[in-house]
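Student: Got a file for you: model13.pdb, PDB, C-alpha atoms.
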```
MODEL        1
ATOM      1  CA  MET Q 225      -5.935  23.037 -27.941
ATOM      2  CA  TYR Q 226      -8.473  21.336 -25.660
ATOM      3  CA  SER Q 227     -11.587  22.098 -27.711
ATOM      4  CA  TYR Q 228     -10.704  19.175 -29.987
ATOM      5  CA  TYR Q 229     -10.805  16.730 -27.091
ATOM      6  CA  PHE Q 230     -14.170  17.847 -25.816
ATOM      7  CA  LEU Q 231     -16.083  18.601 -29.006
ATOM      8  CA  THR Q 232     -17.274  15.003 -29.044
ATOM      9  CA  LEU Q 233     -18.292  15.258 -25.387
ATOM     10  CA  ALA Q 234     -20.357  18.388 -25.900
ATOM     11  CA  LEU Q 235     -22.188  16.991 -28.909
ATOM     12  CA  LEU Q 236     -22.973  13.726 -27.162
ATOM     13  CA  HIS Q 237     -24.192  15.455 -24.047
ATOM     14  CA  SER Q 238     -26.602  17.637 -25.981
ATOM     15  CA  CYS Q 239     -27.890  14.878 -28.258
ATOM     16  CA  SER Q 240     -28.590  11.958 -25.965
ATOM     17  CA  ALA Q 241     -28.873  11.470 -22.243
ATOM     18  CA  TYR Q 242     -28.935   7.714 -22.825
ATOM     19  CA  ALA Q 243     -25.725   7.245 -24.777
ATOM     20  CA  GLN Q 244     -23.739   4.292 -23.423
ATOM     21  CA  SER Q 245     -20.162   4.984 -24.500
ATOM     22  CA  VAL Q 246     -18.410   6.680 -27.369
ATOM     23  CA  SER Q 247     -14.681   6.825 -27.889
ATOM     24  CA  SER Q 248     -12.245   8.093 -30.481
ATOM     25  CA  PRO Q 249      -8.466   7.708 -30.607
ATOM     26  CA  GLY Q 250      -6.809  10.413 -28.545
ATOM     27  CA  GLU Q 251     -10.044  11.756 -27.091
ATOM     28  CA  CYS Q 252     -11.792  11.490 -23.738
ATOM     29  CA  ARG Q 253     -14.812   9.204 -23.560
ATOM     30  CA  LEU Q 254     -18.176  10.152 -22.155
ATOM     31  CA  VAL Q 255     -20.315   7.422 -20.591
ATOM     32  CA  PHE Q 256     -23.883   7.769 -19.339
ATOM     33  CA  ASN Q 257     -24.804   5.155 -16.755
ATOM     34  CA  SER Q 258     -28.170   5.603 -15.028
ATOM     35  CA  ASP Q 259     -27.820   8.865 -13.098
ATOM     36  CA  GLU Q 260     -24.027   8.951 -13.490
ATOM     37  CA  VAL Q 261     -21.940  10.857 -16.020
ATOM     38  CA  LEU Q 262     -18.474   9.392 -16.475
ATOM     39  CA  VAL Q 263     -15.581  11.087 -18.259
ATOM     40  CA  ILE Q 264     -12.594   8.862 -19.025
ATOM     41  CA  CYS Q 265      -9.366  10.331 -20.394
ATOM     42  CA  ASP Q 266      -6.967   7.480 -21.102
ATOM     43  CA  SER Q 267      -3.568   8.355 -22.603
ATOM     44  CA  VAL Q 268      -4.781  11.803 -23.667
ATOM     45  CA  ASN Q 269      -1.713  14.012 -23.671
ATOM     46  CA  PHE Q 270      -2.286  17.193 -21.670
ATOM     47  CA  LYS Q 271      -0.074  18.766 -19.014
ATOM     48  CA  THR Q 272      -2.827  20.603 -17.157
ATOM     49  CA  LEU Q 273      -6.442  19.717 -16.500
ATOM     50  CA  PRO Q 274      -8.867  21.356 -18.992
ATOM     51  CA  SER Q 275     -11.805  21.124 -16.603
ATOM     52  CA  LYS Q 276     -13.964  23.651 -18.441
ATOM     53  CA  GLY Q 277     -14.329  21.112 -21.225
ATOM     54  CA  PHE Q 278     -16.027  18.574 -18.951
ATOM     55  CA  PRO Q 279     -19.827  18.465 -18.515
ATOM     56  CA  GLU Q 280     -20.741  20.274 -15.304
ATOM     57  CA  ASN Q 281     -22.786  17.282 -14.141
ATOM     58  CA  THR Q 282     -19.815  14.901 -14.364
ATOM     59  CA  THR Q 283     -19.952  12.446 -11.460
ATOM     60  CA  ASP Q 284     -16.897  10.327 -12.246
ATOM     61  CA  LEU Q 285     -13.679  11.691 -13.754
ATOM     62  CA  THR Q 286     -10.720   9.496 -14.692
ATOM     63  CA  VAL Q 287      -7.497  10.915 -16.113
ATOM     64  CA  TYR Q 288      -5.110   8.012 -16.664
ATOM     65  CA  LEU Q 289      -1.634   7.935 -18.218
ATOM     66  CA  SER Q 290      -2.088  11.412 -19.636
ATOM     67  CA  ASN Q 291       1.160  13.138 -18.523
ATOM     68  CA  LEU Q 292      -0.794  15.459 -16.241
ATOM     69  CA  SER Q 293       1.949  17.352 -14.374
ATOM     70  CA  SER Q 294       0.057  20.097 -12.554
ATOM     71  CA  ILE Q 295      -3.388  20.865 -11.244
ATOM     72  CA  ALA Q 296      -4.617  24.258 -10.062
ATOM     73  CA  SER Q 297      -6.949  25.007  -7.178
ATOM     74  CA  ASP Q 298      -9.700  26.180  -9.549
ATOM     75  CA  ASP Q 299      -9.534  23.252 -11.968
ATOM     76  CA  LEU Q 300     -12.181  21.160 -10.246
ATOM     77  CA  LYS Q 301     -14.518  23.717  -8.689
ATOM     78  CA  ILE Q 302     -16.929  23.642 -11.620
ATOM     79  CA  LEU Q 303     -17.474  19.894 -11.101
ATOM     80  CA  SER Q 304     -19.602  20.139  -7.963
ATOM     81  CA  HIS Q 305     -21.396  16.839  -8.713
ATOM     82  CA  LEU Q 306     -18.160  14.859  -8.757
ATOM     83  CA  SER Q 307     -18.284  11.779  -6.515
ATOM     84  CA  ARG Q 308     -15.211   9.907  -7.815
ATOM     85  CA  LEU Q 309     -11.934  11.362  -9.049
ATOM     86  CA  SER Q 310      -9.042   9.301 -10.389
ATOM     87  CA  LEU Q 311      -5.805  10.953 -11.550
ATOM     88  CA  THR Q 312      -3.681   7.811 -11.737
ATOM     89  CA  ARG Q 313      -0.370   7.199 -13.495
ATOM     90  CA  ASN Q 314       0.389  10.820 -14.237
ATOM     91  CA  GLN Q 315       3.266  13.178 -13.373
ATOM     92  CA  LEU Q 316       1.872  15.156 -10.441
ATOM     93  CA  HIS Q 317       4.599  16.347  -8.051
ATOM     94  CA  THR Q 318       2.474  18.635  -5.868
ATOM     95  CA  LEU Q 319      -1.159  19.363  -5.037
ATOM     96  CA  PRO Q 320      -2.770  22.720  -4.168
ATOM     97  CA  ALA Q 321      -3.949  23.062  -0.565
ATOM     98  CA  ASP Q 322      -7.552  23.693  -1.622
ATOM     99  CA  LEU Q 323      -7.633  20.997  -4.302
ATOM    100  CA  LEU Q 324     -11.071  19.722  -3.269
ATOM    101  CA  LEU Q 325     -12.709  23.027  -2.394
ATOM    102  CA  GLY Q 326     -16.318  22.970  -3.618
ATOM    103  CA  LEU Q 327     -16.388  19.192  -4.107
ATOM    104  CA  SER Q 328     -18.854  18.423  -1.338
ATOM    105  CA  ASN Q 329     -20.001  15.194  -3.040
ATOM    106  CA  LEU Q 330     -16.568  13.637  -3.583
ATOM    107  CA  TYR Q 331     -16.234  10.283  -1.822
ATOM    108  CA  VAL Q 332     -13.464   8.503  -3.735
ATOM    109  CA  LEU Q 333     -10.063   9.956  -4.670
ATOM    110  CA  ASP Q 334      -7.316   7.944  -6.380
ATOM    111  CA  LEU Q 335      -3.858   9.460  -6.952
ATOM    112  CA  THR Q 336      -1.975   6.227  -7.592
ATOM    113  CA  GLY Q 337       1.271   6.326  -9.534
ATOM    114  CA  ASN Q 338       2.289   9.969  -9.425
ATOM    115  CA  LYS Q 339       5.439  11.716  -8.118
ATOM    116  CA  LEU Q 340       4.083  13.116  -4.868
ATOM    117  CA  THR Q 341       6.723  13.599  -2.159
ATOM    118  CA  SER Q 342       4.580  15.592   0.284
ATOM    119  CA  LEU Q 343       1.024  16.809   0.785
ATOM    120  CA  PRO Q 344      -0.058  20.287   1.910
ATOM    121  CA  SER Q 345      -1.945  20.782   5.141
ATOM    122  CA  ARG Q 346      -5.756  20.552   4.815
ATOM    123  CA  VAL Q 347      -5.528  19.258   1.244
ATOM    124  CA  PHE Q 348      -8.346  16.718   1.814
ATOM    125  CA  HIS Q 349     -10.488  18.816   4.159
ATOM    126  CA  HIS Q 350     -13.209  19.946   1.778
ATOM    127  CA  SER Q 351     -14.729  16.612   0.733
ATOM    128  CA  PRO Q 352     -16.384  13.791   2.713
ATOM    129  CA  LEU Q 353     -13.868  11.236   1.451
ATOM    130  CA  VAL Q 354     -14.593   7.597   2.171
ATOM    131  CA  GLU Q 355     -11.787   6.113   0.082
ATOM    132  CA  LEU Q 356      -8.343   7.650  -0.506
ATOM    133  CA  THR Q 357      -5.620   5.957  -2.559
ATOM    134  CA  LEU Q 358      -2.087   7.386  -2.619
ATOM    135  CA  SER Q 359      -0.206   4.234  -3.564
ATOM    136  CA  ASP Q 360       2.945   4.172  -5.685
ATOM    137  CA  ASN Q 361       4.122   7.698  -4.932
ATOM    138  CA  LEU Q 362       7.231   8.974  -3.109
ATOM    139  CA  LEU Q 363       5.720   9.826   0.267
ATOM    140  CA  SER Q 364       7.783   9.258   3.419
ATOM    141  CA  GLU Q 365       5.591  11.252   5.795
ATOM    142  CA  ILE Q 366       2.168  12.862   5.819
ATOM    143  CA  ASP Q 367       0.945  15.945   7.652
ATOM    144  CA  ALA Q 368      -1.551  15.196  10.420
ATOM    145  CA  ASP Q 369      -3.824  17.985   9.183
ATOM    146  CA  CYS Q 370      -4.226  16.624   5.648
ATOM    147  CA  LEU Q 371      -7.555  15.204   6.803
ATOM    148  CA  PRO Q 372      -9.957  16.627   9.393
ATOM    149  CA  VAL Q 373     -10.339  15.241  12.916
ATOM    150  CA  ASN Q 374     -12.794  12.312  12.973
ATOM    151  CA  SER Q 375     -12.509  11.996   9.221
ATOM    152  CA  SER Q 376     -15.184   9.976   7.393
ATOM    153  CA  LEU Q 377     -12.435   8.002   5.643
ATOM    154  CA  GLN Q 378     -13.004   4.227   5.658
ATOM    155  CA  ARG Q 379     -10.311   2.985   3.269
ATOM    156  CA  LEU Q 380      -6.765   4.351   3.013
ATOM    157  CA  ASP Q 381      -4.083   3.011   0.672
ATOM    158  CA  LEU Q 382      -0.517   4.271   1.185
ATOM    159  CA  SER Q 383       1.181   1.213  -0.284
ATOM    160  CA  SER Q 384       4.380   1.387  -2.344
ATOM    161  CA  ASN Q 385       5.720   4.613  -0.873
ATOM    162  CA  LYS Q 386       8.806   5.423   1.241
ATOM    163  CA  PHE Q 387       7.470   5.245   4.800
ATOM    164  CA  THR Q 388       9.901   3.973   7.440
ATOM    165  CA  GLN Q 389       7.362   4.410  10.245
ATOM    166  CA  LEU Q 390       3.619   4.848  10.543
ATOM    167  CA  PRO Q 391       2.409   8.492  10.564
ATOM    168  CA  VAL Q 392       0.796   8.197  14.010
ATOM    169  CA  PRO Q 393      -0.574  11.777  14.404
ATOM    170  CA  PHE Q 394      -2.246  11.441  11.006
ATOM    171  CA  LEU Q 395      -3.746   8.032  11.815
ATOM    172  CA  ARG Q 396      -5.233   9.356  15.044
ATOM    173  CA  ARG Q 397      -7.724  11.349  12.973
ATOM    174  CA  LEU Q 398      -9.048   8.289  11.164
ATOM    175  CA  THR Q 399     -11.393   6.872  13.776
ATOM    176  CA  ASN Q 400     -13.753   5.494  11.092
ATOM    177  CA  LEU Q 401     -11.073   3.653   9.130
ATOM    178  CA  GLU Q 402     -11.882   0.042   8.179
ATOM    179  CA  SER Q 403      -9.031  -0.784   5.799
ATOM    180  CA  LEU Q 404      -5.404   0.386   6.007
ATOM    181  CA  ASP Q 405      -2.840  -0.559   3.357
ATOM    182  CA  PHE Q 406       0.868   0.060   4.039
ATOM    183  CA  LYS Q 407       2.352  -2.800   2.040
ATOM    184  CA  ASN Q 408       5.561  -2.330   0.039
ATOM    185  CA  ASN Q 409       7.037   0.393   2.225
ATOM    186  CA  GLN Q 410      10.122   0.364   4.466
ATOM    187  CA  LEU Q 411       8.520  -0.015   7.898
ATOM    188  CA  GLU Q 412      10.961  -1.427  10.443
ATOM    189  CA  GLU Q 413       8.696  -1.333  13.486
ATOM    190  CA  LEU Q 414       5.173  -0.615  14.634
ATOM    191  CA  THR Q 415       5.399   1.955  17.400
ATOM    192  CA  PRO Q 416       3.362   0.733  20.405
ATOM    193  CA  GLY Q 417       0.009   2.492  20.307
ATOM    194  CA  ALA Q 418       0.350   3.507  16.652
ATOM    195  CA  LEU Q 419      -2.953   1.863  15.708
ATOM    196  CA  THR Q 420      -4.982   2.328  18.898
ATOM    197  CA  SER Q 421      -7.072   5.126  17.371
ATOM    198  CA  LEU Q 422      -8.523   2.746  14.756
ATOM    199  CA  PRO Q 423     -11.218   0.775  16.616
ATOM    200  CA  LYS Q 424     -13.169  -0.016  13.427
ATOM    201  CA  LEU Q 425     -10.186  -1.403  11.514
ATOM    202  CA  GLU Q 426     -11.036  -4.700   9.785
ATOM    203  CA  ALA Q 427      -8.199  -5.197   7.286
ATOM    204  CA  LEU Q 428      -4.516  -4.354   7.766
ATOM    205  CA  TYR Q 429      -1.986  -4.785   4.949
ATOM    206  CA  LEU Q 430       1.673  -4.699   6.030
ATOM    207  CA  GLU Q 431       3.223  -7.042   3.456
ATOM    208  CA  ASN Q 432       6.745  -6.555   2.128
ATOM    209  CA  ASN Q 433       8.144  -4.242   4.771
ATOM    210  CA  ARG Q 434      11.104  -4.727   7.128
ATOM    211  CA  LEU Q 435       9.334  -5.614  10.350
ATOM    212  CA  LYS Q 436      11.550  -7.734  12.590
ATOM    213  CA  SER Q 437       9.299  -7.944  15.625
ATOM    214  CA  LEU Q 438       5.904  -6.880  16.936
ATOM    215  CA  ASP Q 439       5.045  -5.587  20.380
ATOM    216  CA  ALA Q 440       2.491  -7.703  22.251
ATOM    217  CA  SER Q 441       0.216  -4.643  22.478
ATOM    218  CA  ALA Q 442       0.496  -3.705  18.787
ATOM    219  CA  PHE Q 443      -3.167  -4.443  18.005
ATOM    220  CA  VAL Q 444      -4.952  -4.010  21.337
ATOM    221  CA  GLY Q 445      -6.991  -1.104  19.966
ATOM    222  CA  ASN Q 446      -8.231  -3.057  16.952
ATOM    223  CA  PRO Q 447     -10.806  -5.581  18.217
ATOM    224  CA  ASN Q 448     -12.586  -5.760  14.848
ATOM    225  CA  LEU Q 449      -9.615  -6.919  12.784
ATOM    226  CA  ARG Q 450     -10.684  -9.690  10.421
ATOM    227  CA  GLN Q 451      -7.778  -9.843   7.966
ATOM    228  CA  MET Q 452      -4.086  -9.379   8.735
ATOM    229  CA  PHE Q 453      -1.379  -9.459   6.048
ATOM    230  CA  LEU Q 454       2.212  -9.704   7.321
ATOM    231  CA  SER Q 455       3.922 -11.666   4.544
ATOM    232  CA  GLY Q 456       7.342 -10.729   3.234
ATOM    233  CA  ASN Q 457       8.708  -9.206   6.436
ATOM    234  CA  HIS Q 458      11.618 -10.228   8.688
ATOM    235  CA  LEU Q 459       9.604 -11.598  11.600
ATOM    236  CA  GLU Q 460      11.460 -14.248  13.595
ATOM    237  CA  SER Q 461       8.829 -14.732  16.292
ATOM    238  CA  LEU Q 462       5.466 -13.447  17.499
ATOM    239  CA  PRO Q 463       4.831 -12.541  21.152
ATOM    240  CA  ALA Q 464       2.322 -14.366  23.324
ATOM    241  CA  GLY Q 465      -1.028 -12.612  23.410
ATOM    242  CA  LEU Q 466      -0.430 -10.691  20.174
ATOM    243  CA  PHE Q 467      -3.945 -11.438  18.903
ATOM    244  CA  LEU Q 468      -5.605 -11.946  22.273
ATOM    245  CA  LYS Q 469      -8.213  -9.215  21.651
ATOM    246  CA  GLN Q 470      -8.837 -10.131  18.004
ATOM    247  CA  ASP Q 471     -11.800 -12.486  18.281
ATOM    248  CA  GLU Q 472     -12.885 -11.521  14.749
ATOM    249  CA  LEU Q 473      -9.514 -12.256  13.104
ATOM    250  CA  VAL Q 474     -10.236 -15.078  10.655
ATOM    251  CA  PHE Q 475      -7.427 -14.657   8.097
ATOM    252  CA  LEU Q 476      -3.731 -14.356   8.968
ATOM    253  CA  ASP Q 477      -0.970 -14.201   6.353
ATOM    254  CA  LEU Q 478       2.499 -14.916   7.777
ATOM    255  CA  ARG Q 479       4.027 -16.170   4.554
ATOM    256  CA  SER Q 480       7.729 -15.646   3.744
ATOM    257  CA  ASN Q 481       9.062 -14.444   7.078
ATOM    258  CA  TYR Q 482      11.848 -15.910   9.243
ATOM    259  CA  LEU Q 483       9.588 -17.877  11.572
ATOM    260  CA  GLN Q 484      10.946 -21.137  12.959
ATOM    261  CA  ASN Q 485       8.115 -21.635  15.419
ATOM    262  CA  LEU Q 486       4.957 -19.978  16.754
ATOM    263  CA  THR Q 487       3.927 -19.172  20.295
ATOM    264  CA  PRO Q 488       0.920 -21.288  21.347
ATOM    265  CA  GLY Q 489      -2.318 -19.375  20.878
ATOM    266  CA  VAL Q 490      -1.306 -17.287  17.857
ATOM    267  CA  LEU Q 491      -3.438 -19.373  15.482
ATOM    268  CA  ASP Q 492      -6.342 -19.983  17.867
ATOM    269  CA  GLY Q 493      -9.624 -18.903  16.310
ATOM    270  CA  ARG Q 494      -8.093 -18.311  12.899
ATOM    271  CA  SER Q 495     -10.208 -19.797  10.110
ATOM    272  CA  TYR Q 496      -7.470 -19.441   7.505
ATOM    273  CA  ALA Q 497      -3.715 -18.956   7.696
ATOM    274  CA  VAL Q 498      -0.868 -18.714   5.192
ATOM    275  CA  LEU Q 499       2.332 -20.095   6.701
ATOM    276  CA  SER Q 500       4.438 -21.134   3.706
ATOM    277  CA  GLY Q 501       7.921 -19.825   2.965
ATOM    278  CA  ASN Q 502       9.157 -19.822   6.571
ATOM    279  CA  PRO Q 503      12.228 -21.751   7.843
ATOM    280  CA  TRP Q 504      10.315 -24.004  10.259
ATOM    281  CA  HIS Q 505      12.442 -25.924  12.768
ATOM    282  CA  CYS Q 506      10.874 -29.349  13.019
ATOM    283  CA  ASN Q 507      11.202 -30.864  16.465
ATOM    284  CA  ALA Q 508       8.978 -31.249  19.522
ATOM    285  CA  SER Q 509       8.837 -27.459  20.004
ATOM    286  CA  LEU Q 510       6.755 -27.257  16.809
ATOM    287  CA  ALA Q 511       3.947 -29.235  18.453
ATOM    288  CA  TYR Q 512       1.493 -26.322  18.523
ATOM    289  CA  VAL Q 513       1.946 -25.515  14.811
ATOM    290  CA  TRP Q 514       1.862 -29.190  13.842
ATOM    291  CA  HIS Q 515      -1.396 -29.825  15.727
ATOM    292  CA  TRP Q 516      -3.034 -26.728  14.193
ATOM    293  CA  LEU Q 517      -1.990 -27.741  10.668
ATOM    294  CA  CYS Q 518      -3.268 -31.281  11.113
ATOM    295  CA  MET Q 519      -6.609 -30.065  12.452
ATOM    296  CA  ASN Q 520      -7.075 -27.376   9.781
ATOM    297  CA  GLU Q 521      -5.747 -28.889   6.554
ATOM    298  CA  LYS Q 522      -8.690 -27.554   4.538
ATOM    299  CA  ARG Q 523      -8.053 -24.036   5.829
ATOM    300  CA  ILE Q 524      -4.415 -23.828   4.792
ATOM    301  CA  PHE Q 525      -3.230 -21.942   1.732
ATOM    302  CA  HIS Q 526      -0.110 -23.176  -0.108
ATOM    303  CA  ASP Q 527       0.110 -26.131   2.292
ATOM    304  CA  ASP Q 528       2.508 -27.941  -0.049
ATOM    305  CA  LYS Q 529       5.135 -25.309   0.797
ATOM    306  CA  ILE Q 530       4.838 -25.527   4.586
ATOM    307  CA  THR Q 531       8.040 -27.493   4.936
ATOM    308  CA  CYS Q 532      10.849 -28.007   7.420
ATOM    309  CA  GLN Q 533      14.072 -26.065   7.006
ATOM    310  CA  THR Q 534      15.924 -27.577   9.949
ATOM    311  CA  PRO Q 535      17.248 -29.926  11.240
ATOM    312  CA  GLU Q 536      19.034 -31.120   8.133
ATOM    313  CA  HIS Q 537      17.511 -34.612   8.088
ATOM    314  CA  MET Q 538      14.008 -33.050   8.063
ATOM    315  CA  LYS Q 539      14.695 -30.389   5.438
ATOM    316  CA  GLY Q 540      12.067 -30.197   2.687
ATOM    317  CA  LYS Q 541       9.521 -32.422   4.411
ATOM    318  CA  ASN Q 542       5.897 -31.308   4.411
ATOM    319  CA  ILE Q 543       4.990 -30.661   8.045
ATOM    320  CA  THR Q 544       1.479 -32.078   7.681
ATOM    321  CA  GLU Q 545       2.921 -35.388   6.478
ATOM    322  CA  ILE Q 546       5.277 -35.873   9.413
ATOM    323  CA  ALA Q 547       4.209 -38.248  12.170
ATOM    324  CA  ALA Q 548       4.123 -36.948  15.731
ATOM    325  CA  ALA Q 549       6.754 -39.455  16.816
ATOM    326  CA  GLU Q 550       9.153 -38.236  14.130
ATOM    327  CA  LEU Q 551       8.954 -34.756  15.639
ATOM    328  CA  GLY Q 552       9.343 -36.112  19.143
ATOM    329  CA  ILE Q 553       5.786 -35.104  20.043
ATOM    330  CA  LYS Q 554       4.170 -37.252  22.690
ATOM    331  CA  ASP Q 555       0.461 -38.005  22.296
TER     332      ASP Q 555
ENDMDL
END
```
Re-express the file's structure as structure tokens.
Tutor:
Amino acid sequence: MYSYYFLTLALLHSCSAYAQSVSSPGECRLVFNSDEVLVICDSVNFKTLPSKGFPENTTDLTVYLSNLSSIASDDLKILSHLSRLSLTRNQLHTLPADLLLGLSNLYVLDLTGNKLTSLPSRVFHHSPLVELTLSDNLLSEIDADCLPVNSSLQRLDLSSNKFTQLPVPFLRRLTNLESLDFKNNQLEELTPGALTSLPKLEALYLENNRLKSLDASAFVGNPNLRQMFLSGNHLESLPAGLFLKQDELVFLDLRSNYLQNLTPGVLDGRSYAVLSGNPWHCNASLAYVWHWLCMNEKRIFHDDKITCQTPEHMKGKNITEIAAAELGIKD
């Protein structure tokens, strides 16, 4: 049944190494781009992966919205030149342990939008992955041995899963990680020391979780953090010294939490901050936040929504438009 899909591919491959793109309804597309060979299967209905129909020199394979429900350990071995593999928005429930065996050139793997509830040990051991995306699955934990010790991974996306805590043993293997995305999970706390093994981390995405508080030492092992996203949590306060070691942190998103005030120093050195959607209590205790906002008006996102929630007579007022005397702040 798969010969129909790949007849066009075979003919194109034999006729022209310079073809740009050819597509037909219901078929996979073959695209030649410089020294790359891209195969794109969009909404092609097959339950298993017919890898023998792909050109052996395929470098980029995308199977999207194609009802793919299973993949065998031998399905990809023939594609030894593969550098990027995307199997997004399919119906995969499990993966074979040696899924990537023979794919020594694979650097990018995207499994977004499947039905994965767990991952077998060593499943990502056979490729020098730099980017791994597992967002929008059903994962609540991940085996520490899914990736090798001192993995080459630089970007990891585990957003929109079912995690209630960070998989610390797994993260300890990712010493080269630069970007970690855990937004849209169910995290209630960051275990102290959970991120200390990530010294190269530059971007951390923790939006839309259930974090109520952060330990003062939460980020001591991440001196290179440049972007921090904490919006949509339940944070009521931030401890003194939370970002003391983050000299490189230029962007901080604290939008839509339960913050009424901020400890002095939290915004020091930040080039940009998002503070809207919090129930700010506008009195003299807000002096630090007020001064920072007044001094950094051009560096504020959504500044029209940085308003007082309490006391009642201040409710709805834009903090940057309130005079110091009205807050009880002495010059």
Student: How many Å lie between CA of Val373 in chain Q and CA of Leu454 in chain Q, rounded to one decimal?
Tutor: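 Between CA of Val373 in chain Q and CA of Leu454 in chain Q the gap works out to 28.5 Å.
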Student: Evaluated on this file, the PyMOL selection byres ((chain Q and resi 538-541) around 12) picks out some residues - which ones are they, written as a PyMOL selection string?
Tutor: chain Q and resi 500-507+527-537+542-547+550-551
Student: Emit the selected residues as a short mmCIF file (atom, residue, chain, number, x, y, z; two decimals), keeping the file's coordinate frame, including C-alpha atoms.
Tutor:
```cif
data_model
loop_
_atom_site.label_atom_id
_atom_site.label_comp_id
_atom_site.auth_asym_id
_atom_site.auth_seq_id
_atom_site.Cartn_x
_atom_site.Cartn_y
_atom_site.Cartn_z
CA SER Q 500 4.44 -21.13 3.71
CA GLY Q 501 7.92 -19.82 2.96
CA ASN Q 502 9.16 -19.82 6.57
CA PRO Q 503 12.23 -21.75 7.84
CA TRP Q 504 10.32 -24.00 10.26
CA HIS Q 505 12.44 -25.92 12.77
CA CYS Q 506 10.87 -29.35 13.02
CA ASN Q 507 11.20 -30.86 16.46
CA ASP Q 527 0.11 -26.13 2.29
CA ASP Q 528 2.51 -27.94 -0.05
CA LYS Q 529 5.14 -25.31 0.80
CA ILE Q 530 4.84 -25.53 4.59
CA THR Q 531 8.04 -27.49 4.94
CA CYS Q 532 10.85 -28.01 7.42
CA GLN Q 533 14.07 -26.06 7.01
CA THR Q 534 15.92 -27.58 9.95
CA PRO Q 535 17.25 -29.93 11.24
CA GLU Q 536 19.03 -31.12 8.13
CA HIS Q 537 17.51 -34.61 8.09
CA ASN Q 542 5.90 -31.31 4.41
CA ILE Q 543 4.99 -30.66 8.04
CA THR Q 544 1.48 -32.08 7.68
CA GLU Q 545 2.92 -35.39 6.48
CA ILE Q 546 5.28 -35.87 9.41
CA ALA Q 547 4.21 -38.25 12.17
CA GLU Q 550 9.15 -38.24 14.13
CA LEU Q 551 8.95 -34.76 15.64
#
```
Student: Counting all atoms listed in the file, which residue out of Q:Leu422, Q:Leu371, Q:Leu428, Q:Leu262 sits closest to Val444 in chain Q?
Tutor: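 Nearest to Val444 in chain Q: Q:Leu422.
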Student: Considering only C-alpha atoms, return as a PyMOL selection string whatever protein or nucleic-acid residues lie within 12 Å of Ser495 in chain Q, sequence-local ones (same chain, fewer than 5 positions apart) excluded.
Tutor: chain Q and resi 450-451+471-477+516-517+519-525
Student: Tell me which of Q:Leu273, Q:Ser342, Q:Thr357, Q:Leu325 sits closest to Thr312 in chain Q, counting only C-alpha atoms.
Tutor: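 Ranked by minimum distance to Thr312 in chain Q, first place goes to Q:Thr357.
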Student: Contacts between range 334-340 of chain Q and range 261-315 of chain Q, please, where a residue of range 261-315 of chain Q counts if it comes within 9 Å (with only C-alpha atoms); show its shortest atom pair and distance in Å to one decimal, rows by chain and ascending number, as JSON lines.
Tutor:
```
{"residue": "Q:Ser293", "atom": "CA", "partner": "Q:Asn338", "partner_atom": "CA", "distance": 8.9}
{"residue": "Q:Arg308", "atom": "CA", "partner": "Q:Asp334", "partner_atom": "CA", "distance": 8.3}
{"residue": "Q:Leu309", "atom": "CA", "partner": "Q:Asp334", "partner_atom": "CA", "distance": 6.3}
{"residue": "Q:Ser310", "atom": "CA", "partner": "Q:Asp334", "partner_atom": "CA", "distance": 4.6}
{"residue": "Q:Leu311", "atom": "CA", "partner": "Q:Leu335", "partner_atom": "CA", "distance": 5.2}
{"residue": "Q:Thr312", "atom": "CA", "partner": "Q:Thr336", "partner_atom": "CA", "distance": 4.8}
{"residue": "Q:Arg313", "atom": "CA", "partner": "Q:Gly337", "partner_atom": "CA", "distance": 4.4}
{"residue": "Q:Asn314", "atom": "CA", "partner": "Q:Asn338", "partner_atom": "CA", "distance": 5.2}
{"residue": "Q:Gln315", "atom": "CA", "partner": "Q:Asn338", "partner_atom": "CA", "distance": 5.2}
```
Student: Please save C-alpha atoms of the selected residues as a PDB file, in the coordinates of the input.
Tutor:
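Generated output (part.pdb):
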```
ATOM      1  CA  SER Q 293       1.949  17.352 -14.374  1.00  0.00           C
ATOM      2  CA  ARG Q 308     -15.211   9.907  -7.815  1.00  0.00           C
ATOM      3  CA  LEU Q 309     -11.934  11.362  -9.049  1.00  0.00           C
ATOM      4  CA  SER Q 310      -9.042   9.301 -10.389  1.00  0.00           C
ATOM      5  CA  LEU Q 311      -5.805  10.953 -11.550  1.00  0.00           C
ATOM      6  CA  THR Q 312      -3.681   7.811 -11.737  1.00  0.00           C
ATOM      7  CA  ARG Q 313      -0.370   7.199 -13.495  1.00  0.00           C
ATOM      8  CA  ASN Q 314       0.389  10.820 -14.237  1.00  0.00           C
ATOM      9  CA  GLN Q 315       3.266  13.178 -13.373  1.00  0.00           C
TER      10      GLN Q 315
END
```
Student: Interatomic distance between CA of Ser383 in chain Q and CA of Leu362 in chain Q?
Tutor: 10.2 Å
Student: From the options Q:Lys469, Q:Arg494, Q:Lys424, Q:Lys554, which residue's atoms come nearest to Leu510 in chain Q, counting all atoms listed in the file?
Tutor: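 For Leu510 in chain Q, the nearest of the candidates is Q:Lys554.
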Student: Report the residues retrieved by the PyMOL selection byres ((chain Q and resi 396) around 10) from the displayed file, expressed as an MDAnalysis selection string.
Tutor: chainID Q and resid 368 373:375 391:395 397:399 418:422
Student: On this structure, which residues satisfy the PyMOL selection byres ((chain Q and resi 266) around 12), written as a list in words?
Tutor: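 On the file shown, the PyMOL selection byres ((chain Q and resi 266) around 12) covers Tyr229, Ser247, Ser248, Pro249, Gly250, Glu251, Cys252, Arg253, Leu254, Val263, Ile264, Cys265, Ser267, Val268, Asn269, Phe270, Leu285, Thr286, Val287, Tyr288, Leu289, Ser290, Asn291, Leu292, Ser310, Leu311, Thr312, Arg313 and Asn314 of chain Q.
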